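input35.txt (compact mmCIF, C-alpha atoms) appears below.
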```txt
# COMPACT_ATOMS: atom_id res chain seq x y z
CA MET A 1 -43.73 -7.26 -8.54
CA ALA A 2 -42.27 -10.48 -7.13
CA ASP A 3 -40.46 -11.33 -10.37
CA ARG A 4 -39.42 -7.80 -11.35
CA VAL A 5 -35.78 -7.36 -12.31
CA TYR A 6 -34.23 -4.11 -11.06
CA GLY A 7 -31.71 -2.21 -13.18
CA VAL A 8 -28.54 -1.02 -11.41
CA LEU A 9 -26.32 1.82 -12.62
CA LEU A 10 -22.75 1.61 -11.31
CA VAL A 11 -21.46 5.12 -10.62
CA SER A 12 -17.65 5.09 -10.62
CA PHE A 13 -15.05 2.45 -9.82
CA SER A 14 -12.92 4.71 -7.63
CA LYS A 15 -10.02 2.92 -5.94
CA HIS A 16 -11.36 4.47 -2.73
CA SER A 17 -14.52 2.35 -2.96
CA HIS A 18 -15.71 -1.27 -2.96
CA GLN A 19 -17.66 -1.00 -6.22
CA SER A 20 -15.67 -3.81 -7.83
CA SER A 21 -16.43 -6.07 -4.84
CA PHE A 22 -20.16 -5.55 -5.32
CA VAL A 23 -20.17 -6.59 -8.98
CA PRO A 24 -20.25 -10.39 -8.40
CA ALA A 25 -23.33 -10.06 -6.19
CA PHE A 26 -25.08 -7.86 -8.76
CA VAL A 27 -24.19 -10.24 -11.61
CA ASP A 28 -25.27 -13.38 -9.74
CA HIS A 29 -28.56 -12.07 -8.33
CA PRO A 30 -31.58 -13.21 -10.39
CA ARG A 31 -33.50 -10.00 -9.64
CA ILE A 32 -30.72 -7.57 -10.55
CA ARG A 33 -29.38 -6.43 -13.94
CA ILE A 34 -26.44 -4.05 -14.40
CA VAL A 35 -27.51 -1.48 -17.01
CA GLY A 36 -24.46 0.78 -17.24
CA VAL A 37 -21.37 2.40 -15.74
CA ALA A 38 -21.35 6.18 -15.31
CA ASP A 39 -19.06 8.96 -14.16
CA ASP A 40 -18.40 12.62 -14.76
CA ALA A 41 -15.76 14.09 -17.06
CA ASP A 42 -13.74 15.82 -14.31
CA ILE A 43 -12.32 12.74 -12.60
CA ASP A 44 -8.83 11.49 -11.75
CA PRO A 45 -6.82 10.41 -14.82
CA TYR A 46 -6.66 6.75 -13.77
CA LEU A 47 -10.40 6.49 -13.29
CA LYS A 48 -11.84 6.99 -16.77
CA PRO A 49 -10.01 4.02 -18.36
CA GLN A 50 -10.85 1.93 -15.30
CA ASN A 51 -14.54 2.76 -15.64
CA ARG A 52 -14.45 1.97 -19.37
CA THR A 53 -12.72 -1.36 -18.73
CA TRP A 54 -15.44 -2.40 -16.29
CA ALA A 55 -18.17 -1.34 -18.71
CA GLU A 56 -16.56 -3.43 -21.46
CA GLN A 57 -16.18 -6.45 -19.19
CA LEU A 58 -19.81 -6.22 -18.13
CA GLY A 59 -21.06 -5.57 -21.65
CA VAL A 60 -22.86 -2.35 -20.71
CA PRO A 61 -22.50 1.25 -21.93
CA TYR A 62 -20.17 3.75 -20.27
CA LEU A 63 -22.08 6.99 -19.75
CA GLU A 64 -20.27 10.28 -19.16
CA GLY A 65 -22.34 12.68 -17.10
CA ILE A 66 -23.86 11.31 -13.90
CA GLU A 67 -26.80 13.71 -13.74
CA THR A 68 -28.08 12.54 -17.13
CA ALA A 69 -27.22 8.87 -16.57
CA VAL A 70 -29.24 8.48 -13.36
CA GLN A 71 -32.37 9.68 -15.14
CA GLY A 72 -32.43 6.72 -17.53
CA ASP A 73 -35.70 4.78 -17.62
CA GLU A 74 -33.86 1.48 -17.21
CA VAL A 75 -32.20 2.66 -13.96
CA ASP A 76 -33.96 1.64 -10.74
CA VAL A 77 -30.98 1.59 -8.36
CA VAL A 78 -27.82 3.72 -8.35
CA SER A 79 -24.74 2.07 -6.82
CA ILE A 80 -22.42 4.86 -5.64
CA GLY A 81 -18.73 3.97 -5.54
CA HIS A 82 -17.13 7.39 -5.92
CA GLU A 83 -14.74 9.20 -3.59
CA ILE A 84 -16.31 10.22 -0.30
CA GLU A 85 -16.19 13.89 -1.31
CA ARG A 86 -18.54 13.26 -4.28
CA ARG A 87 -21.04 10.85 -2.77
CA ALA A 88 -23.47 13.33 -1.24
CA GLU A 89 -23.99 15.22 -4.49
CA ILE A 90 -24.52 11.98 -6.44
CA ALA A 91 -26.93 10.63 -3.83
CA ARG A 92 -29.00 13.81 -3.96
CA LEU A 93 -29.09 13.73 -7.77
CA ALA A 94 -30.24 10.12 -7.79
CA ALA A 95 -32.83 10.62 -5.07
CA ARG A 96 -34.31 13.62 -6.86
CA ALA A 97 -34.55 11.46 -9.98
CA GLY A 98 -36.55 8.91 -7.98
CA LYS A 99 -33.82 6.27 -7.98
CA HIS A 100 -33.09 3.96 -5.07
CA LEU A 101 -29.61 4.05 -3.55
CA TRP A 102 -26.92 1.47 -2.81
CA ILE A 103 -24.05 3.43 -1.23
CA ASP A 104 -20.59 2.21 -0.28
CA LYS A 105 -19.88 2.98 3.42
CA TYR A 106 -20.29 6.78 3.65
CA ILE A 107 -22.97 9.18 2.43
CA GLY A 108 -20.95 12.37 2.83
CA ALA A 109 -17.68 13.91 3.94
CA ASN A 110 -19.15 15.97 6.79
CA MET A 111 -22.36 16.28 8.77
CA ARG A 112 -23.89 18.95 6.55
CA GLU A 113 -23.58 16.66 3.52
CA CYS A 114 -24.93 13.69 5.47
CA ARG A 115 -27.96 15.63 6.67
CA ASP A 116 -28.63 16.88 3.13
CA VAL A 117 -28.60 13.31 1.81
CA VAL A 118 -31.04 12.12 4.47
CA ASP A 119 -33.38 15.02 3.65
CA ALA A 120 -33.18 14.28 -0.09
CA VAL A 121 -33.77 10.54 0.30
CA GLU A 122 -36.59 10.79 2.80
CA GLY A 123 -38.16 13.68 0.90
CA SER A 124 -38.22 11.68 -2.33
CA GLY A 125 -39.46 8.45 -0.76
CA VAL A 126 -36.76 6.28 -2.34
CA THR A 127 -35.14 3.31 -0.60
CA SER A 128 -31.53 3.47 0.56
CA ILE A 129 -29.09 0.86 1.81
CA LEU A 130 -25.45 0.81 2.89
CA PRO A 131 -24.36 -2.82 2.54
CA SER A 132 -20.96 -2.84 4.22
CA TYR A 133 -21.75 -2.86 7.93
CA VAL A 134 -24.54 -5.05 9.30
CA TYR A 135 -24.86 -7.99 6.92
CA ASN A 136 -21.63 -9.80 7.82
CA ASP A 137 -21.35 -12.83 10.07
CA PHE A 138 -19.38 -10.90 12.71
CA VAL A 139 -22.31 -8.56 13.40
CA ASN A 140 -24.87 -11.35 13.08
CA GLN A 141 -23.04 -13.56 15.61
CA SER A 142 -22.79 -10.67 18.07
CA LYS A 143 -26.47 -9.81 17.72
CA ARG A 144 -27.52 -13.44 18.16
CA MET A 145 -25.54 -13.75 21.39
CA ILE A 146 -27.05 -10.54 22.79
CA ASP A 147 -30.60 -11.33 21.67
CA ALA A 148 -30.42 -14.88 23.08
CA GLY A 149 -30.25 -13.41 26.58
CA ILE A 150 -27.41 -15.62 27.79
CA LEU A 151 -25.34 -12.57 28.77
CA GLY A 152 -28.18 -10.91 30.62
CA GLU A 153 -28.33 -7.17 30.01
CA LEU A 154 -25.46 -5.87 27.88
CA THR A 155 -23.41 -3.45 29.99
CA ALA A 156 -20.21 -2.85 27.97
CA MET A 157 -18.31 -4.03 24.90
CA HIS A 158 -14.90 -3.89 23.25
CA VAL A 159 -14.13 -4.41 19.56
CA ASP A 160 -10.80 -5.01 17.79
CA ILE A 161 -10.78 -4.82 13.99
CA LEU A 162 -7.36 -4.61 12.36
CA PHE A 163 -6.38 -5.29 8.76
CA GLY A 164 -3.13 -7.17 8.24
CA LYS A 165 -2.17 -5.26 5.10
CA GLY A 166 0.79 -3.18 3.98
CA ILE A 167 4.47 -3.32 4.96
CA PRO A 168 5.23 -1.52 8.27
CA ARG A 169 8.63 0.17 8.43
CA SER A 170 10.58 2.21 10.92
CA ILE A 171 9.69 5.90 10.96
CA SER A 172 12.20 8.66 11.62
CA ASN A 173 11.28 11.94 13.28
CA ALA A 174 11.95 13.69 9.98
CA GLN A 175 9.21 11.59 8.36
CA ARG A 176 6.57 12.58 10.90
CA LYS A 177 4.33 15.53 10.20
CA PRO A 178 3.79 17.42 13.47
CA GLY A 179 0.34 17.22 14.97
CA PHE A 180 -2.70 15.22 13.90
CA LEU A 181 -4.59 16.06 10.71
CA PRO A 182 -8.10 17.29 11.57
CA PRO A 183 -11.16 15.58 10.07
CA GLY A 184 -12.47 16.79 6.74
CA ARG A 185 -9.70 15.76 4.37
CA TRP A 186 -10.16 12.11 3.47
CA LYS A 187 -8.73 11.60 -0.02
CA PHE A 188 -5.02 10.93 -0.58
CA PRO A 189 -3.30 9.20 -3.51
CA ASP A 190 -1.31 6.85 -1.28
CA ILE A 191 -3.26 6.28 1.97
CA LYS A 192 -6.69 6.02 3.52
CA ARG A 193 -7.51 7.36 6.96
CA GLU A 194 -7.90 4.08 8.77
CA LEU A 195 -9.94 5.10 11.81
CA LEU A 196 -12.53 6.13 9.24
CA THR A 197 -11.95 3.22 6.86
CA VAL A 198 -11.58 0.33 9.33
CA GLY A 199 -13.00 1.89 12.47
CA ALA A 200 -16.28 2.33 10.61
CA TYR A 201 -16.98 -1.41 10.93
CA ALA A 202 -16.39 -1.43 14.69
CA VAL A 203 -18.48 1.71 15.20
CA ALA A 204 -21.34 0.14 13.22
CA LEU A 205 -21.28 -2.92 15.49
CA VAL A 206 -21.49 -0.69 18.57
CA GLN A 207 -24.30 1.25 16.90
CA GLN A 208 -26.25 -1.99 16.43
CA CYS A 209 -25.82 -3.10 20.05
CA PHE A 210 -26.05 0.14 22.08
CA ASP A 211 -28.47 3.01 22.58
CA PRO A 212 -27.63 6.25 20.73
CA ILE A 213 -24.09 7.45 21.47
CA VAL A 214 -23.78 10.75 23.37
CA GLU A 215 -20.01 11.06 23.92
CA VAL A 216 -16.88 10.00 22.02
CA TYR A 217 -13.22 10.05 23.06
CA GLY A 218 -10.53 9.27 20.50
CA GLN A 219 -6.81 8.65 20.54
CA GLY A 220 -4.49 8.58 17.53
CA GLY A 221 -1.12 9.66 16.25
CA ALA A 222 0.92 6.47 16.61
CA TYR A 223 1.91 4.99 13.26
CA PHE A 224 2.86 1.67 11.70
CA PHE A 225 3.47 3.19 8.26
CA PRO A 226 5.69 6.13 7.21
CA GLU A 227 3.18 6.98 4.46
CA HIS A 228 0.63 7.85 7.15
CA ALA A 229 3.14 9.59 9.43
CA ALA A 230 4.15 11.89 6.57
CA HIS A 231 0.55 13.14 6.31
CA GLY A 232 -0.12 13.17 10.06
CA ALA A 233 -3.07 10.95 9.16
CA ASP A 234 -4.09 7.86 11.09
CA ASP A 235 -3.30 4.26 10.24
CA PHE A 236 -4.49 3.19 13.71
CA GLY A 237 -6.63 4.64 16.47
CA THR A 238 -8.91 3.93 19.42
CA LEU A 239 -12.33 5.21 20.40
CA SER A 240 -14.36 5.13 23.59
CA LEU A 241 -18.09 5.65 23.11
CA VAL A 242 -20.72 6.28 25.79
CA ASP A 243 -24.41 5.72 25.07
CA ARG A 244 -27.35 7.56 26.63
CA SER A 245 -27.71 4.78 29.22
CA GLY A 246 -24.12 5.33 30.39
CA ARG A 247 -22.75 2.14 28.87
CA VAL A 248 -19.20 2.26 27.51
CA ALA A 249 -17.87 0.67 24.33
CA THR A 250 -14.20 0.77 23.38
CA LEU A 251 -12.58 -0.15 20.08
CA SER A 252 -9.26 -0.30 18.31
CA ALA A 253 -9.07 -0.15 14.54
CA GLY A 254 -6.65 0.33 11.68
CA ARG A 255 -4.06 -1.63 9.74
CA ASN A 256 -1.02 -3.15 11.37
CA GLY A 257 0.84 -4.87 8.55
CA ILE A 258 0.87 -7.97 6.43
CA ALA A 259 1.75 -11.26 8.19
CA SER A 260 0.87 -9.79 11.59
CA HIS A 261 -2.02 -12.24 12.00
CA GLY A 262 -2.64 -15.64 10.49
CA ALA A 263 -6.14 -14.77 9.29
CA GLY A 264 -5.48 -11.30 7.92
CA GLY A 265 -6.03 -9.39 11.14
CA PRO A 266 -8.14 -9.84 14.29
CA ASN A 267 -11.89 -9.36 14.11
CA LEU A 268 -13.00 -9.64 17.74
CA ALA A 269 -15.88 -8.46 19.91
CA TYR A 270 -16.03 -8.84 23.69
CA LEU A 271 -19.55 -8.51 25.07
CA PHE A 272 -20.02 -7.91 28.80
CA GLY A 273 -23.39 -8.58 30.42
CA THR A 274 -24.97 -8.84 33.84
CA LYS A 275 -24.92 -12.66 33.61
CA GLY A 276 -21.77 -13.37 31.65
CA THR A 277 -19.18 -12.39 29.07
CA GLY A 278 -19.09 -13.42 25.42
CA ARG A 279 -16.30 -13.40 22.87
CA ILE A 280 -17.11 -13.29 19.16
CA ASP A 281 -14.38 -14.12 16.66
CA GLY A 282 -15.29 -12.98 13.17
CA LYS A 283 -12.42 -15.05 11.75
CA ARG A 284 -13.37 -18.30 13.52
CA PRO A 285 -12.21 -20.66 14.99
CA GLY A 286 -11.63 -18.93 18.31
CA ILE A 287 -8.32 -20.70 18.92
CA ASP A 288 -5.62 -19.29 16.65
CA THR A 289 -3.86 -22.25 15.05
CA TYR A 290 -2.16 -21.98 11.69
CA LEU A 291 0.09 -24.14 9.56
CA ARG A 292 3.61 -22.77 9.85
CA ASN A 293 4.41 -23.24 6.18
CA ARG A 294 1.39 -21.15 5.16
CA ILE A 295 2.94 -18.26 7.05
CA VAL A 296 6.66 -18.60 6.36
CA ASP A 297 6.20 -19.68 2.73
CA GLY A 298 3.51 -17.12 1.94
CA ASP A 299 3.96 -14.69 -0.91
CA TYR A 300 4.25 -11.31 0.78
CA ASN A 301 5.15 -9.36 -2.35
CA VAL A 302 2.87 -6.35 -2.64
CA ASP A 303 1.53 -5.29 -6.03
CA LYS A 304 3.28 -2.06 -7.07
CA ASP A 305 -0.08 -0.74 -8.30
CA ASP A 306 -1.69 -1.44 -4.90
CA PRO A 307 1.08 -0.65 -2.36
CA MET A 308 -1.25 -0.32 0.64
CA GLN A 309 -3.29 -3.37 -0.46
CA TRP A 310 -6.62 -1.59 -0.76
CA HIS A 311 -7.85 -4.24 -3.20
CA SER A 312 -5.75 -7.23 -2.15
CA GLY A 313 -5.12 -9.19 1.01
CA PRO A 314 -2.56 -11.30 2.82
CA PRO A 315 -1.84 -14.80 1.52
CA THR A 316 -3.11 -16.50 4.69
CA MET A 317 -6.73 -15.37 4.65
CA LEU A 318 -9.20 -17.97 5.87
CA THR A 319 -12.56 -18.76 4.33
CA SER A 320 -15.20 -16.43 5.76
CA THR A 321 -18.24 -17.77 7.57
CA GLY A 322 -21.88 -17.00 6.90
CA THR A 323 -23.56 -15.59 3.79
CA GLU A 324 -21.39 -13.22 1.75
CA PHE A 325 -22.42 -9.77 3.00
CA SER A 326 -23.03 -8.20 -0.43
CA ARG A 327 -25.50 -10.94 -1.35
CA ALA A 328 -27.27 -10.69 2.02
CA ALA A 329 -27.54 -6.90 1.64
CA LEU A 330 -28.81 -7.24 -1.93
CA ASP A 331 -31.50 -9.67 -0.78
CA ASP A 332 -32.54 -7.11 1.83
CA LEU A 333 -32.67 -4.33 -0.77
CA VAL A 334 -34.76 -6.38 -3.21
CA HIS A 335 -37.14 -7.34 -0.40
CA ALA A 336 -37.46 -3.66 0.54
CA LEU A 337 -38.17 -2.65 -3.06
CA ASP A 338 -40.79 -5.40 -3.39
CA THR A 339 -42.57 -4.74 -0.09
CA GLY A 340 -41.75 -1.21 1.04
CA ALA A 341 -39.92 -2.53 4.10
CA ARG A 342 -36.98 -0.64 5.61
CA PRO A 343 -33.50 -2.11 5.00
CA ARG A 344 -31.36 -2.79 8.07
CA PHE A 345 -28.94 0.12 7.44
CA THR A 346 -30.16 3.23 5.63
CA VAL A 347 -28.85 6.75 5.05
CA ARG A 348 -30.32 7.80 8.41
CA ASP A 349 -28.22 5.15 10.15
CA ALA A 350 -25.24 6.25 8.06
CA ARG A 351 -25.67 9.86 9.16
CA ASP A 352 -25.52 8.88 12.85
CA HIS A 353 -22.63 6.52 12.13
CA MET A 354 -20.58 9.26 10.45
CA GLU A 355 -21.26 11.63 13.33
CA MET A 356 -19.60 9.21 15.75
CA LEU A 357 -16.54 8.87 13.53
CA LEU A 358 -16.23 12.64 13.05
CA ALA A 359 -16.57 13.15 16.80
CA GLY A 360 -13.73 10.68 17.30
CA TYR A 361 -11.46 12.69 15.03
CA GLU A 362 -12.49 15.95 16.71
CA SER A 363 -11.67 14.39 20.07
CA ILE A 364 -8.18 13.37 18.93
CA VAL A 365 -7.48 16.91 17.74
CA ARG A 366 -8.95 18.59 20.84
CA LYS A 367 -7.52 15.96 23.25
CA ARG A 368 -10.79 15.69 25.15
CA PRO A 369 -14.16 13.91 24.87
CA VAL A 370 -16.68 15.33 22.40
CA ARG A 371 -20.41 15.38 23.04
CA LEU A 372 -23.04 14.51 20.45
CA PRO A 373 -24.79 15.85 18.50
CA LEU A 374 -22.01 17.80 16.82
CA CYS A 375 -22.74 21.49 16.49
CA GLY A 376 -20.51 24.08 14.87
CA GLY A 377 -17.06 23.55 13.38
CA GLU A 378 -15.99 22.33 9.96
CA VAL A 379 -17.21 18.74 10.34
CA ALA A 380 -20.69 19.68 11.57
```

Would you encode the structure as structure tokens?
Amino acid sequence: MADRVYGVLLVSFSKHSHQSSFVPAFVDHPRIRIVGVADDADIDPYLKPQNRTWAEQLGVPYLEGIETAVQGDEVDVVSIGHEIERRAEIARLAARAGKHLWIDKYIGANMRECRDVVDAVEGSGVTSILPSYVYNDFVNQSKRMIDAGILGELTAMHVDILFGKGIPRSISNAQRKPGFLPPGRWKFPDIKRELLTVGAYAVALVQQCFDPIVEVYGQGGAYFFPEHAAHGADDFGTLSLVDRSGRVATLSAGRNGIASHGAGGPNLAYLFGTKGTGRIDGKRPGIDTYLRNRIVDGDYNVDKDDPMQWHSGPPTMLTSTGTEFSRAALDDLVHALDTGARPRFTVRDARDHMEMLLAGYESIVRKRPVRLPLCGGEVA
């Protein structure tokens, strides 16, 4: 078992996913082999040629029809990179076929889908992992500081995660859609809902450090980008989360524009304990010093095919610290497949994680705190 090579099927290269970012880790890992790219026939027009291009580059077949593709004998792991609205169905298909799951960020679009995925995975006995949240140096630094005991007992925390991407512009009243779009619609051709997309990382850090969350209060509706204002859909938001011990965590998350920060956007955690306070900077060093010419002479032209910079970044990004998260997550998955151990972040964790995000959106719409667990309503 120790030298077994596991076959990975890549399901979709949707622009709403990080599938392309996972490829280098899959290719470089000695215990992993990519065996194919798969998708269904009824997909967005841009996606089929994109899937085929990746299959050609990787030298593997492109398989049309996910349900058949996941049943292949050479497939051990299914990497799901489809739109959020399709992930639950794909995860259930793969689990029922006895395939292990590598899922990008979200397992479903609402709580019903998330619960169904957990039931399918745990009922089939397959292993699941979501690599995007707990394998990065930001989370690892925070956990080390808490576990070392130097802060005493953790009593509160605040997290700021903002992406310095896109070109902010002034927004007229005519460009603003009245009200705030309720949760449930996530896919747009021109935007992503950023409290979901970026806030997910901050919520996962809180989830790792706190007891289960019992109440969420959200605020949103202020915009940096007219594209978001036109949909009434968030590019920035804040959440306050209370755990069952009464501890409070607050966070801000979203995107605030290219060149707004010398390292591509702040990545900060403030940890408050009974003995002291700690500050974790995921973009180290902790003192912000940058060469002026790197900022003023940077190329801030945005690719016309990626106007909101979903797959590109600012020109002043620093080198990240720690092991690249995809490789660390892949090592954890391989170890779990070899030994039967539980990965650090599974579909059960993802279900609870999504519930907090959905509660945040519900709170923004209702303008009041929302208690967990969610019960009733569209998102439940």

| field | Distance query region 246-257 of chain A at most 7 Å, only C-alpha atoms, self and fewer than 3 positions along chain excluded, as an MDAnalysis selection string | value | chainID A and resid 155:168 194:195 198:199 202 206 224 235:243 260

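Excluding Ile129 (chain A) and any residue on its chain fewer than 3 positions from it, the residues at most 8 Å away by all atoms listed in the file are Leu101, Trp102, Ile103, Ala329, Leu333, Pro343, Arg344, Phe345, Thr346 and Val347 of chain A.
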
Those same residues, written as a PDB file, in the coordinates of the input with C-alpha atoms?
```pdb
ATOM      1  CA  LEU A 101     -29.610   4.050  -3.550  1.00  0.00           C
ATOM      2  CA  TRP A 102     -26.920   1.470  -2.810  1.00  0.00           C
ATOM      3  CA  ILE A 103     -24.050   3.430  -1.230  1.00  0.00           C
ATOM      4  CA  ALA A 329     -27.540  -6.900   1.640  1.00  0.00           C
ATOM      5  CA  LEU A 333     -32.670  -4.330  -0.770  1.00  0.00           C
ATOM      6  CA  PRO A 343     -33.500  -2.110   5.000  1.00  0.00           C
ATOM      7  CA  ARG A 344     -31.360  -2.790   8.070  1.00  0.00           C
ATOM      8  CA  PHE A 345     -28.940   0.120   7.440  1.00  0.00           C
ATOM      9  CA  THR A 346     -30.160   3.230   5.630  1.00  0.00           C
ATOM     10  CA  VAL A 347     -28.850   6.750   5.050  1.00  0.00           C
TER      11      VAL A 347
END
```

Of A:Thr127, A:Glu67, A:Gly152, A:Leu47, the one nearest to His335 (chain A) when counting only C-alpha atoms is A:Thr127

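CA of Tyr135 (chain A) sits 28.7 Å away from CA of Glu362 (chain A).
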
Exercise: region 173-189 of chain A partners within 6 Å, all atoms listed in the file, chain neighbours under 2 positions left out, as a ChimeraX atom specification:
/A:191,229-233,361

With 8 Å as the threshold, what does the neighbourhood of (-30.3, 4.3, -12.4) contain in terms of residues, counting only C-alpha atoms? Coordinates are those of the file; answer as a ChimeraX atom specification. /A:7-9,35,69-78,94,99-100

- Quick one: pull the distance between CA of Ser363 (chain A) and CA of Phe210 (chain A), Å, one decimal.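 Going from CA of Ser363 (chain A) over to CA of Phe210 (chain A) covers 20.3 Å.
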